[in-house]
Structures are given as C-alpha cells and as structure tokens.
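To keep things clear, I will list the structure first and then write my remarks on it.
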Amino acid sequence: QSAALLAGVRAARMSHVATMDGDLQNDPSDLPSLLERAEEFDVVIGRRRLRRDRLARRFASRLANAVRRAVLRDGASDTGCSLKVFPTAAFLALPSFDGMHRFLPALFRDQGLSLHELDVNHRPRRAGRSKYSNLARLGRGLQDLFGVWWLSRRALRVELDDRER
C-alpha cells in the first residue's frame with residue numbers, strides 16, 4: 001500500500017493529493033468536506049465513524065491506534081482511514097518505507113504541518129478483500145512504530161523568523 005501511495009503521489013500534478021482505498025469502504029462524497037478543511041489546515045485525515053468491519057478488526061484497530069497515539073503523540077485517532085488530503089510536496093519530502101501509510105500524521109507533524117481530523121462515513125467492504133490479518137501486522141507494525149518513534153525524536157525542527165523567509 002505504501003508503494004502504491006508513493007507512486008500515485010509522484011505522478012500527481014496538483015499541489016494537493018486526496019487519497020482513498022479502492023475497496024469501496026470510503027465514501028467519495030466525503031472528499032469535498034476534506035478539501036474544504038484543507039484550506040485551513042495543512043493535512044486533513046478522515047476518522048471512520050460507525051465502522052462497518054468485523055468486531056476483531058475494529059478491536060485490533062482501536063488497540064493499534066491507541067498504542068501508536070501513546071508512543072508517537074501524533075494526535076490522530078484513526079490512521080487506518082485512507083481518506084486524506086495533504087500537500088504533494090510535503091509527502092514527497094517524507095522518508096519513504098514500506099508501512100509509512102500507517103504513520104502519515106506523525107510524519108507530517110514532524111515537518112511542522114497542522115493536522116485536522118474529520119468524521120467520515122464508513123461502508124461495508126464491497127470490493128476485494130483485505131490483504132492484512134491482525135496477527136501478520138503485529139510484528140511489522142511494532143517494528144515500524146519503533147522506527148518512526150526513533151525518527152521523530154531525531155527530526156530537525158527549525159523555526160524561521162520573518163526576516164529569514
């Protein structure tokens with residue numbers, strides 16, 4: 001998923017990119033609201049309300065989001081929602097790695113970008129099937145979480161005053 005996201009953003013020709021999965025669980029009618037909020041915030045991410053997934057998937061997602069939020073303090077409650085709007089150039093400046101799509105709020109925050117969550121619709125899966133199992137994601141997810149935590153602690157944050165801009 002991260003490789004597909006990177007390829008898509010590299011091909012983008014606009015200043016901002018809007019993303020969503022192809023499994024039809026995201027509602028395209030939510031995109032105008034995200035784009036409207038992108039006028040006020042650098043990055044806008046969807047937060048799935050009334051999830052339409054199996055109980056085991058919802059539980060694993062809540063647990064993973066809670067652990068990620070506690071470790072990275074990224075302020076995002078649902079990084080698994082693929083509905084996002086962000087600046088193309090900011091994404092291309094991120095370190096690219098397999099699994100990065102799960103950590104975009106923390107990576108954008110480390111660039112100093114403002115983030116806003118917006119409640120979006122979530123529908124039952126109507127196309128395809130998940131490529132992930134809860135157990136398969138655990139080991140890699142923890143390894144990636146440690147890597148992003150380390151990277152966040154090492155991020156350079158430079159403030160410019162008006163004379164330097």
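Chain lettering (A, B, ...) mirrors the order of the structure tokens, residue numbering begins at 1 for each chain separately, and ligand numbering begins at 1 in order of display.
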Just the residues within 6 Å of segment 42-47 of chain A, please, counting only C-alpha atoms, with nothing from its chain fewer than 5 positions along; format it as a PyMOL selection string.
chain A and resi 78+81+83-86+113-120
May I have the residues from that selection written out with N, CA and C atoms, as a compact mmCIF listing (two decimals), in the first residue's frame?
# COMPACT_ATOMS: atom_id res chain seq x y z
N ASP A 78 -7.33 7.80 14.19
CA ASP A 78 -7.62 6.73 13.24
C ASP A 78 -6.73 6.87 12.00
N CYS A 81 -7.83 5.03 8.34
CA CYS A 81 -8.75 5.58 7.34
C CYS A 81 -7.92 6.14 6.20
N LEU A 83 -8.92 8.02 3.72
CA LEU A 83 -9.33 9.34 3.24
C LEU A 83 -8.43 10.40 3.86
N LYS A 84 -7.58 10.99 3.01
CA LYS A 84 -6.64 12.00 3.48
C LYS A 84 -6.44 13.04 2.39
N VAL A 85 -6.14 14.26 2.79
CA VAL A 85 -5.75 15.33 1.88
C VAL A 85 -4.49 15.95 2.45
N PHE A 86 -3.46 16.08 1.60
CA PHE A 86 -2.19 16.62 2.08
C PHE A 86 -1.43 17.25 0.91
N LEU A 113 3.64 20.50 10.09
CA LEU A 113 2.36 20.74 9.43
C LEU A 113 1.21 20.62 10.42
N SER A 114 0.17 21.40 10.19
CA SER A 114 -1.03 21.32 11.03
C SER A 114 -1.91 20.17 10.53
N LEU A 115 -2.59 19.52 11.46
CA LEU A 115 -3.38 18.33 11.16
C LEU A 115 -4.80 18.50 11.71
N HIS A 116 -5.78 18.05 10.94
CA HIS A 116 -7.17 18.08 11.39
C HIS A 116 -7.84 16.77 11.02
N GLU A 117 -8.61 16.22 11.97
CA GLU A 117 -9.39 15.01 11.70
C GLU A 117 -10.84 15.40 11.44
N LEU A 118 -11.46 14.67 10.54
CA LEU A 118 -12.85 14.94 10.19
C LEU A 118 -13.60 13.61 10.15
N ASP A 119 -14.74 13.54 10.82
CA ASP A 119 -15.55 12.32 10.78
C ASP A 119 -16.02 12.06 9.35
N VAL A 120 -15.87 10.81 8.93
CA VAL A 120 -16.30 10.41 7.59
C VAL A 120 -17.12 9.13 7.67
Find the residues around segment 49-59 of chain A up to 6 Å (only C-alpha atoms counted), leave out those fewer than 3 positions away in its own chain, and share them as a ChimeraX atom specification.
/A:62,122-124
Compile the contact shell of Pro95 of chain A as a list in words: residues with an atom at most 10 Å away, counting only C-alpha atoms, same-chain residues fewer than 4 positions apart removed.
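Counting only C-alpha atoms, the residues come to Phe91, Met100, Leu107, Val148 and Leu151 of chain A.
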What does the file look like for those residues with all heavy atoms, as a short mmCIF file (atom, residue, chain, number, x, y, z; two decimals), in the first residue's frame?
data_model
loop_
_atom_site.label_atom_id
_atom_site.label_comp_id
_atom_site.auth_asym_id
_atom_site.auth_seq_id
_atom_site.Cartn_x
_atom_site.Cartn_y
_atom_site.Cartn_z
N PHE A 91 4.45 15.43 1.20
CA PHE A 91 4.51 13.96 1.18
C PHE A 91 5.81 13.49 0.54
O PHE A 91 6.47 12.58 1.05
CB PHE A 91 3.32 13.38 0.42
CG PHE A 91 3.36 11.88 0.36
CD1 PHE A 91 2.80 11.11 1.36
CD2 PHE A 91 3.99 11.22 -0.69
CE1 PHE A 91 2.85 9.73 1.33
CE2 PHE A 91 4.05 9.84 -0.75
CZ PHE A 91 3.48 9.09 0.27
N MET A 100 4.76 3.10 5.68
CA MET A 100 4.69 4.52 6.02
C MET A 100 3.25 5.05 6.04
O MET A 100 2.96 6.00 6.76
CB MET A 100 5.55 5.36 5.09
CG MET A 100 4.98 5.49 3.68
SD MET A 100 6.02 6.44 2.55
CE MET A 100 5.74 8.09 3.10
N LEU A 107 4.46 11.64 10.73
CA LEU A 107 5.50 12.11 9.81
C LEU A 107 5.23 13.54 9.35
O LEU A 107 6.15 14.36 9.27
CB LEU A 107 5.60 11.16 8.62
CG LEU A 107 6.06 9.74 8.96
CD1 LEU A 107 5.85 8.80 7.77
CD2 LEU A 107 7.51 9.73 9.41
N VAL A 148 9.60 4.82 13.53
CA VAL A 148 9.03 6.17 13.41
C VAL A 148 9.24 6.94 14.71
O VAL A 148 9.54 8.14 14.69
CB VAL A 148 7.54 6.10 13.02
CG1 VAL A 148 6.89 7.48 13.06
CG2 VAL A 148 7.38 5.49 11.63
N LEU A 151 12.81 8.08 14.56
CA LEU A 151 12.93 9.14 13.57
C LEU A 151 12.34 10.45 14.09
O LEU A 151 12.92 11.53 13.90
CB LEU A 151 12.24 8.71 12.28
CG LEU A 151 12.44 9.56 11.05
CD1 LEU A 151 13.91 9.59 10.65
CD2 LEU A 151 11.60 9.01 9.91
#
Taking the backbone alone, and naming residues the way the document does, which bits of segment 31-120 of chain A are strand (DSSP E) by DSSP, as a ChimeraX atom specification?
/A:43-48,84-87,115-120
How would the residues just chosen look if you wrote them out with N, CA, C and O atoms as a JSON list (two decimals), in the first residue's frame?
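As a result, part-v3.json now contains:
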[["chain", "number", "residue", "atom", "x", "y", "z"],
["A", 43, "VAL", "N", -2.92, 19.33, 6.62],
["A", 43, "VAL", "CA", -3.27, 17.92, 6.39],
["A", 43, "VAL", "C", -4.63, 17.66, 7.03],
["A", 43, "VAL", "O", -4.86, 18.05, 8.17],
["A", 44, "VAL", "N", -5.51, 17.01, 6.28],
["A", 44, "VAL", "CA", -6.83, 16.64, 6.80],
["A", 44, "VAL", "C", -6.98, 15.13, 6.61],
["A", 44, "VAL", "O", -6.75, 14.62, 5.51],
["A", 45, "ILE", "N", -7.31, 14.44, 7.70],
["A", 45, "ILE", "CA", -7.47, 12.99, 7.62],
["A", 45, "ILE", "C", -8.87, 12.60, 8.08],
["A", 45, "ILE", "O", -9.46, 13.24, 8.96],
["A", 46, "GLY", "N", -9.40, 11.56, 7.45],
["A", 46, "GLY", "CA", -10.70, 11.05, 7.84],
["A", 46, "GLY", "C", -10.61, 10.22, 9.10],
["A", 46, "GLY", "O", -9.60, 9.58, 9.38],
["A", 47, "ARG", "N", -11.69, 10.26, 9.85],
["A", 47, "ARG", "CA", -11.83, 9.44, 11.06],
["A", 47, "ARG", "C", -13.13, 8.65, 10.87],
["A", 47, "ARG", "O", -14.21, 9.23, 10.81],
["A", 48, "ARG", "N", -12.99, 7.33, 10.70],
["A", 48, "ARG", "CA", -14.16, 6.50, 10.41],
["A", 48, "ARG", "C", -15.10, 6.44, 11.60],
["A", 48, "ARG", "O", -14.71, 6.00, 12.68],
["A", 84, "LYS", "N", -7.58, 10.99, 3.01],
["A", 84, "LYS", "CA", -6.64, 12.00, 3.48],
["A", 84, "LYS", "C", -6.44, 13.04, 2.39],
["A", 84, "LYS", "O", -6.52, 12.73, 1.21],
["A", 85, "VAL", "N", -6.14, 14.26, 2.79],
["A", 85, "VAL", "CA", -5.75, 15.33, 1.88],
["A", 85, "VAL", "C", -4.49, 15.95, 2.45],
["A", 85, "VAL", "O", -4.45, 16.31, 3.63],
["A", 86, "PHE", "N", -3.46, 16.08, 1.60],
["A", 86, "PHE", "CA", -2.19, 16.62, 2.08],
["A", 86, "PHE", "C", -1.43, 17.25, 0.91],
["A", 86, "PHE", "O", -1.69, 16.94, -0.25],
["A", 87, "PRO", "N", -0.47, 18.13, 1.23],
["A", 87, "PRO", "CA", 0.33, 18.76, 0.17],
["A", 87, "PRO", "C", 1.25, 17.73, -0.50],
["A", 87, "PRO", "O", 1.92, 16.95, 0.17],
["A", 115, "LEU", "N", -2.59, 19.52, 11.46],
["A", 115, "LEU", "CA", -3.38, 18.33, 11.16],
["A", 115, "LEU", "C", -4.80, 18.50, 11.71],
["A", 115, "LEU", "O", -4.98, 19.03, 12.81],
["A", 116, "HIS", "N", -5.78, 18.05, 10.94],
["A", 116, "HIS", "CA", -7.17, 18.08, 11.39],
["A", 116, "HIS", "C", -7.84, 16.77, 11.02],
["A", 116, "HIS", "O", -7.65, 16.26, 9.91],
["A", 117, "GLU", "N", -8.61, 16.22, 11.97],
["A", 117, "GLU", "CA", -9.39, 15.01, 11.70],
["A", 117, "GLU", "C", -10.84, 15.40, 11.44],
["A", 117, "GLU", "O", -11.36, 16.32, 12.07],
["A", 118, "LEU", "N", -11.46, 14.67, 10.54],
["A", 118, "LEU", "CA", -12.85, 14.94, 10.19],
["A", 118, "LEU", "C", -13.60, 13.61, 10.15],
["A", 118, "LEU", "O", -13.12, 12.65, 9.53],
["A", 119, "ASP", "N", -14.74, 13.54, 10.82],
["A", 119, "ASP", "CA", -15.55, 12.32, 10.78],
["A", 119, "ASP", "C", -16.02, 12.06, 9.35],
["A", 119, "ASP", "O", -16.49, 12.98, 8.67],
["A", 120, "VAL", "N", -15.87, 10.81, 8.93],
["A", 120, "VAL", "CA", -16.30, 10.41, 7.59],
["A", 120, "VAL", "C", -17.12, 9.13, 7.67],
["A", 120, "VAL", "O", -17.09, 8.41, 8.67]]
I'd like to know which of A:Ala4, A:Leu156, A:Leu145, A:Leu34 is closest to Asn65 of chain A, using only C-alpha atoms.
A:Leu145
